[in-house]
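Remarks on the structure that follows.
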2 protein chains.
Amino acid sequence: MEHKILDCTIRDGGLVNNWNFSVEFVQNLYDGLSAAGVEYMEIGYKNSPKLLKATEPNPWRFLDDSFLKEIIPVKKFTKLSALVDIGRVDPNDILPREQSVLDMIRVACYIREVDKGLELVQMFHDLGYETTLNIMALSSAPEHQLLEAFEMVKNSPVDVVYIVDSFGSLEPADIEYQVNKFKAMLPNKQLGIHTHNNMQLAFANTLTAMRNGVTFLDSSVYGMGRAAGNCHTELLVGYIPKTRYELKPVLGVIENHMLEMRQKWEWGYIIPYMISGLLNEHPRVAMAYRDSEDRDKFMDFYEKVTSPEASVSPTNK
Amino acid sequence: MEHKILDCTIRDGGLVNNWNFSVEFVQNLYDGLSAAGVEYMEIGYKNSPKLLKATEPNPWRFLDDSFLKEIIPVKKFTKLSALVDIGRVDPNDILPREQSVLDMIRVACYIREVDKGLELVQMFHDLGYETTLNIMALSSAPEHQLLEAFEMVKNSPVDVVYIVDSFGSLEPADIEYQVNKFKAMLPNKQLGIHTHNNMQLAFANTLTAMRNGVTFLDSSVYGMGRAAGNCHTELLVGYIPKTRYELKPVLGVIENHMLEMRQKWEWGYIIPYMISGLLNEHPRVAMAYRDSEDRDKFMDFYEKVTSPEASVSPTNK
């Protein structure tokens with residue numbers, strides 16, 4: 001099975017800037033990815049503003065089909081996907097695929113919610129969409145829950161199951177181990193990989209996954225994504241030998257947009273995110289630290305998060 | 001054999017800022033690396049100012065034993081090394097090891113100069129130093145030259161033979177292949193790895209080398225090294241399970257020095273360096289581009305270096 005790149009700059013990058021992307025940028029990105037031969041672009045979240053009690057409109061966080069049709073009146077090479085979260089998506093918001101610009105709906109869930117995730121998958125599948133199940137925080141998933149999840153997934157219509165290194169804490173040897181487990185347990189499913197770059201391993205982990213048979217490769221242009229960001233789209237497009245891929249249009253997006261955006265918003269290899277990756281922890285504590293006056297006090301941060309007394313992780317509160 | 005970290009911030013980082021390091025910084029770095037449990041620090045080049053026709057003093061480029069004794073009067077945990085280049089080192093400048101602060105002298109050479117490199121190694125070995133031979137630009141070395149080189153190396157007293165990914169063009173699968181070849185051909189030598197981070201693979205490549213039996217791991221703090229820089233010392237110290245290593249002192253060096261230095265001098269993941277890595281080329285063309293007004297014109301740079309007509313690489317002129 002040939003692999004595919006899925007660019008999630010808008011969706012994961014939106015976690016950096018609260019989806020403060022201009023329509024022009026999103027259109028430029030879509031055109032650039034199409035010219036580059038990138039197979040999918042995740043254009044945002046399709047969650048419900050009502051369910052999230054949103055007080056302000058946010059077109060990329062709450063994708064709307066008629067808005068999408070307006071801004072992308074003619075589809076080019078790249079297919080479009082949207083991500084939804086368990087409990088945050090309203091089934092009534094989802095049109096049948098033939099009435100939508102979207103081709104794929106991806107469902108993000110933690111290991112304990114796989115049953116709920118698969119209910120959504122079934123619904124989107126029945127509406128005609130390609131579907132994926134993205135199991136987050138794999139590095140913290142207990143083995144027995146994973147095995148139970150595999151049983152449910154096996155019998156579902158989901159097209160692709162994603163290995164998600166949410167905390168950027170895995171290395172290539174871990175990825176190889178996980179991929180082989182997923183392959184053995186889910187022989188009838190395609191696999192995907194979504195990495196974070198906390199320890200500068202996102203590209204290496206993605207390559208390792210690809211070499212071990214994973215077909216869907218997530219990335220974002222210039223790595224734009226939450227905290228340390230993701231595997232860089234330009235690295236995949238530039239490095240993977242595939243006649244279809246063209247690096248230049250991706251370089252154009254970086255040159256024309258990403259350098260400036262990186263000045264305004266922060267993501268990438270930054271020491272507190274490196275530390276949260278090392279510790280296999282959610283980056284939220286590090287993100288809060290980067291928003292404080294102490295942002296560059298790396299020794300102090302490290303002491304706080306590794307002190308046996310201090311429980312700074314919100315999940316432990 | 002237990003692996004060892006060799007920090008080359010001063011030596012390789014000096015290629016970024018013309019070794020414009022204060023004595024205080026070098027002392028702080030030495031103290032930090034010692035407290036962190038890093039085994040070696042490369043404190044500069046021991047080339048000859050006369051042979052290089054230098055018009056200005058440069059203490060870290062032309063290391064002097066009496067100067068070193070002054071600034072590091074008491075050795076701590078970390079051993080000190082210096083690098084020399086073929087044809088640039090004056091044998092008369094090298095004291096016997098017991099009169100020097102240096103513990104190790106490393107010889108950098110291209111594959112075609114391995115005989116000359118080994119002559120120097122023999123001399124430094126006879127003077128009592130630990131020695132390494134660093135074979136640069138491995139990604140461009142013709143196989144038959146490599147096999148000839150192995151024959152010479154086998155019979156030399158050199159302690160460590162380095163695999164050097166000068167152009168940052170190798171990925172973990174390539175590293176594994178090279179390491180296995182070196183191991184098979186040089187069963188009586190320790191191996192080392194020196195990586196560059198053009199494609200964000202320096203840490204992954206170093207980990208791969210380590211897992212395949214390489215014992216000497218080069219790195220620099222915050223990755224400071226020529227062009228895209230090196231594997232980051234803080235990643236090795238933080239990630240490798242070894243009771244001796246302490247991350248906090250390395251974080252201190254970053255917090256107190258490297259953030260400011262990174263503002264003044266440029267290294268790291270930068271698109272033209274990514275492109276030179278992709279193309280397996282020396283970064284000199286990209287470095288010149290970054291020094292020009294066109295520094296951020298990535299599409300233009302990519303067109304120039306990939307155009308079949310234009311031979312922009314100085315090596316082809």
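Every chain in the structure tokens has a letter given in the order shown (A, B, ...), and although residue numbers restart at 1 in each chain, ligands are simply numbered from 1 in the order shown.
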>> Residues of region 19-87 of chain B classed as alpha helix (DSSP H) by DSSP on the backbone are to be reported as a VMD selection string.
In response: chain B and resid 23 to 36 65 to 71
Dump as a PDB file, in the first residue's frame, selection limited to C-alpha atoms:
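Contents of again_30.pdb, freshly written:
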```
ATOM      1  CA  VAL B  23      36.940  32.530  28.632  1.00  0.00           C
ATOM      2  CA  GLU B  24      34.130  32.724  31.167  1.00  0.00           C
ATOM      3  CA  PHE B  25      31.732  30.877  28.857  1.00  0.00           C
ATOM      4  CA  VAL B  26      34.236  28.125  28.150  1.00  0.00           C
ATOM      5  CA  GLN B  27      34.893  27.732  31.875  1.00  0.00           C
ATOM      6  CA  ASN B  28      31.146  27.669  32.633  1.00  0.00           C
ATOM      7  CA  LEU B  29      30.653  25.081  29.917  1.00  0.00           C
ATOM      8  CA  TYR B  30      33.460  22.929  31.288  1.00  0.00           C
ATOM      9  CA  ASP B  31      32.020  23.118  34.807  1.00  0.00           C
ATOM     10  CA  GLY B  32      28.516  22.392  33.518  1.00  0.00           C
ATOM     11  CA  LEU B  33      29.587  19.393  31.464  1.00  0.00           C
ATOM     12  CA  SER B  34      31.591  18.034  34.407  1.00  0.00           C
ATOM     13  CA  ALA B  35      28.602  18.395  36.724  1.00  0.00           C
ATOM     14  CA  ALA B  36      26.401  16.765  34.076  1.00  0.00           C
ATOM     15  CA  ASP B  65      48.821  24.436  26.324  1.00  0.00           C
ATOM     16  CA  SER B  66      49.938  27.160  28.695  1.00  0.00           C
ATOM     17  CA  PHE B  67      46.765  29.163  28.030  1.00  0.00           C
ATOM     18  CA  LEU B  68      44.659  26.052  28.667  1.00  0.00           C
ATOM     19  CA  LYS B  69      46.423  25.452  31.993  1.00  0.00           C
ATOM     20  CA  GLU B  70      45.635  29.011  32.999  1.00  0.00           C
ATOM     21  CA  ILE B  71      41.945  28.838  32.286  1.00  0.00           C
TER      22      ILE B  71
END
```
Compile a residue-level contact table for chain B against chain A at a cut-off of 9 Å, reporting for every qualifying residue the shortest atom pair and its distance in Å to one decimal, with only C-alpha atoms counted, rows ordered by chain and ascending number, as a Markdown table.
```
| residue | atom | partner | partner_atom | distance |
| --- | --- | --- | --- | --- |
| B:Glu171 | CA | A:Ala204 | CA | 7.6 |
| B:Pro172 | CA | A:Ala204 | CA | 7.4 |
| B:Ala173 | CA | A:Thr208 | CA | 8.6 |
| B:Met199 | CA | A:Leu235 | CA | 6.9 |
| B:Gln200 | CA | A:Gln200 | CA | 6.1 |
| B:Leu201 | CA | A:Ala204 | CA | 6.2 |
| B:Ala202 | CA | A:Gln200 | CA | 8.4 |
| B:Phe203 | CA | A:Gln200 | CA | 7.0 |
| B:Ala204 | CA | A:Leu201 | CA | 6.2 |
| B:Asn205 | CA | A:Ala204 | CA | 8.5 |
| B:Leu207 | CA | A:Glu171 | CA | 8.8 |
| B:Thr208 | CA | A:Pro172 | CA | 8.5 |
| B:Leu235 | CA | A:Met199 | CA | 6.9 |
| B:Gly238 | CA | A:Leu278 | CA | 7.0 |
| B:Tyr239 | CA | A:Leu278 | CA | 6.5 |
| B:Leu247 | CA | A:Tyr302 | CA | 8.8 |
| B:Lys248 | CA | A:Met299 | CA | 5.8 |
| B:Pro249 | CA | A:Met299 | CA | 7.9 |
| B:Val250 | CA | A:Met299 | CA | 8.9 |
| B:Leu251 | CA | A:Met299 | CA | 5.8 |
| B:Gly252 | CA | A:Met299 | CA | 6.1 |
| B:Ile254 | CA | A:Phe298 | CA | 8.2 |
| B:Glu255 | CA | A:Phe298 | CA | 6.2 |
| B:Leu259 | CA | A:Asp296 | CA | 8.7 |
| B:Ile271 | CA | A:Leu251 | CA | 8.2 |
| B:Met274 | CA | A:Leu235 | CA | 8.0 |
| B:Ile275 | CA | A:Gly238 | CA | 8.1 |
| B:Leu278 | CA | A:Tyr239 | CA | 6.5 |
| B:Asp296 | CA | A:Glu255 | CA | 6.5 |
| B:Lys297 | CA | A:Glu255 | CA | 6.5 |
| B:Phe298 | CA | A:Leu251 | CA | 6.0 |
| B:Met299 | CA | A:Leu251 | CA | 5.8 |
| B:Tyr302 | CA | A:Lys248 | CA | 7.3 |
| B:Glu303 | CA | A:Lys248 | CA | 8.2 |
```
> Hey, can you check how far CA of Pro283 (chain A) sits from CA of Trp267 (chain B)?
Replying inline: 25.5 Å
> To one decimal place, how far is CA of Gln145 (chain B) from CA of Leu118 (chain B) in Å?
Replying inline: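 Between these atoms lies a distance of 14.9 Å.
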> Out of A:His144, A:Val214, A:Val74, A:His196, which residue has the shortest atom-to-atom distance to Gln178 (chain A) when counting only C-alpha atoms?
Replying inline: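 Going through A:His144, A:Val214, A:Val74, A:His196 one by one, the smallest distance to Gln178 (chain A) is for A:Val214.
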> Could you pull the residues within 12 Å of Asn134 (chain B), counting only C-alpha atoms, minus those fewer than 5 positions along the same chain, as a VMD selection string?
Replying inline: chain B and resid 83 to 86 105 to 111 113 to 114 117 to 118 121 149 153 158 to 166 191 to 195 216 218
> So how many Å separate CA of Asn155 (chain A) and CA of Asp12 (chain A), to one decimal?
Replying inline: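 CA of Asn155 (chain A) sits 29.1 Å away from CA of Asp12 (chain A).
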>> I need the residues in region 117-237 of chain B that are strand (DSSP E or B) according to DSSP; give them as a PyMOL selection string.
In response: chain B and resi 130-135+160-164+190-194+216-220+232
N, CA and C atoms of the current selection, written as a PDB file, in the first residue's frame:
```
ATOM      1  N   GLU B 130      44.964   9.662  24.018  1.00  0.00           N
ATOM      2  CA  GLU B 130      43.909   8.907  23.369  1.00  0.00           C
ATOM      3  C   GLU B 130      43.718   9.524  21.981  1.00  0.00           C
ATOM      4  N   THR B 131      43.400   8.700  20.998  1.00  0.00           N
ATOM      5  CA  THR B 131      43.284   9.233  19.636  1.00  0.00           C
ATOM      6  C   THR B 131      42.006   8.749  18.946  1.00  0.00           C
ATOM      7  N   THR B 132      41.533   9.595  18.053  1.00  0.00           N
ATOM      8  CA  THR B 132      40.426   9.186  17.180  1.00  0.00           C
ATOM      9  C   THR B 132      40.740   9.612  15.760  1.00  0.00           C
ATOM     10  N   LEU B 133      40.173   8.898  14.819  1.00  0.00           N
ATOM     11  CA  LEU B 133      40.248   9.281  13.407  1.00  0.00           C
ATOM     12  C   LEU B 133      38.813   9.550  12.961  1.00  0.00           C
ATOM     13  N   ASN B 134      38.573  10.803  12.512  1.00  0.00           N
ATOM     14  CA  ASN B 134      37.215  11.195  12.138  1.00  0.00           C
ATOM     15  C   ASN B 134      37.114  11.293  10.624  1.00  0.00           C
ATOM     16  N   ILE B 135      36.529  10.292  10.024  1.00  0.00           N
ATOM     17  CA  ILE B 135      36.440  10.252   8.559  1.00  0.00           C
ATOM     18  C   ILE B 135      35.240  11.077   8.109  1.00  0.00           C
ATOM     19  N   VAL B 160      39.651   5.116  18.478  1.00  0.00           N
ATOM     20  CA  VAL B 160      38.249   5.271  18.062  1.00  0.00           C
ATOM     21  C   VAL B 160      38.195   5.724  16.606  1.00  0.00           C
ATOM     22  N   VAL B 161      37.329   5.120  15.830  1.00  0.00           N
ATOM     23  CA  VAL B 161      37.114   5.569  14.456  1.00  0.00           C
ATOM     24  C   VAL B 161      35.700   6.152  14.351  1.00  0.00           C
ATOM     25  N   TYR B 162      35.635   7.389  13.849  1.00  0.00           N
ATOM     26  CA  TYR B 162      34.357   8.084  13.785  1.00  0.00           C
ATOM     27  C   TYR B 162      33.696   7.986  12.421  1.00  0.00           C
ATOM     28  N   ILE B 163      32.405   7.788  12.463  1.00  0.00           N
ATOM     29  CA  ILE B 163      31.537   7.939  11.304  1.00  0.00           C
ATOM     30  C   ILE B 163      31.010   9.368  11.364  1.00  0.00           C
ATOM     31  N   VAL B 164      31.312  10.173  10.352  1.00  0.00           N
ATOM     32  CA  VAL B 164      30.948  11.591  10.382  1.00  0.00           C
ATOM     33  C   VAL B 164      29.958  11.891   9.250  1.00  0.00           C
ATOM     34  N   GLN B 190      37.016   0.832  18.739  1.00  0.00           N
ATOM     35  CA  GLN B 190      35.771   1.471  19.173  1.00  0.00           C
ATOM     36  C   GLN B 190      35.289   2.394  18.059  1.00  0.00           C
ATOM     37  N   LEU B 191      33.986   2.606  17.994  1.00  0.00           N
ATOM     38  CA  LEU B 191      33.432   3.497  16.974  1.00  0.00           C
ATOM     39  C   LEU B 191      32.829   4.747  17.610  1.00  0.00           C
ATOM     40  N   GLY B 192      32.818   5.822  16.814  1.00  0.00           N
ATOM     41  CA  GLY B 192      32.193   7.068  17.243  1.00  0.00           C
ATOM     42  C   GLY B 192      31.248   7.569  16.166  1.00  0.00           C
ATOM     43  N   ILE B 193      30.365   8.481  16.559  1.00  0.00           N
ATOM     44  CA  ILE B 193      29.408   9.050  15.589  1.00  0.00           C
ATOM     45  C   ILE B 193      29.354  10.568  15.776  1.00  0.00           C
ATOM     46  N   HIS B 194      29.424  11.287  14.645  1.00  0.00           N
ATOM     47  CA  HIS B 194      29.307  12.744  14.659  1.00  0.00           C
ATOM     48  C   HIS B 194      28.262  13.118  13.617  1.00  0.00           C
ATOM     49  N   PHE B 216      31.312   6.282  21.196  1.00  0.00           N
ATOM     50  CA  PHE B 216      31.592   7.715  21.330  1.00  0.00           C
ATOM     51  C   PHE B 216      30.531   8.521  20.583  1.00  0.00           C
ATOM     52  N   LEU B 217      29.790   9.334  21.335  1.00  0.00           N
ATOM     53  CA  LEU B 217      28.661  10.084  20.778  1.00  0.00           C
ATOM     54  C   LEU B 217      28.967  11.578  20.826  1.00  0.00           C
ATOM     55  N   ASP B 218      29.157  12.203  19.672  1.00  0.00           N
ATOM     56  CA  ASP B 218      29.409  13.645  19.626  1.00  0.00           C
ATOM     57  C   ASP B 218      28.100  14.418  19.737  1.00  0.00           C
ATOM     58  N   SER B 219      28.188  15.591  20.351  1.00  0.00           N
ATOM     59  CA  SER B 219      27.003  16.441  20.466  1.00  0.00           C
ATOM     60  C   SER B 219      27.471  17.839  20.821  1.00  0.00           C
ATOM     61  N   SER B 220      26.548  18.797  20.782  1.00  0.00           N
ATOM     62  CA  SER B 220      26.889  20.112  21.303  1.00  0.00           C
ATOM     63  C   SER B 220      25.671  20.692  22.004  1.00  0.00           C
ATOM     64  N   HIS B 232      22.003  17.405  19.919  1.00  0.00           N
ATOM     65  CA  HIS B 232      21.997  18.261  21.107  1.00  0.00           C
ATOM     66  C   HIS B 232      22.475  17.493  22.350  1.00  0.00           C
TER      67      HIS B 232
END
```
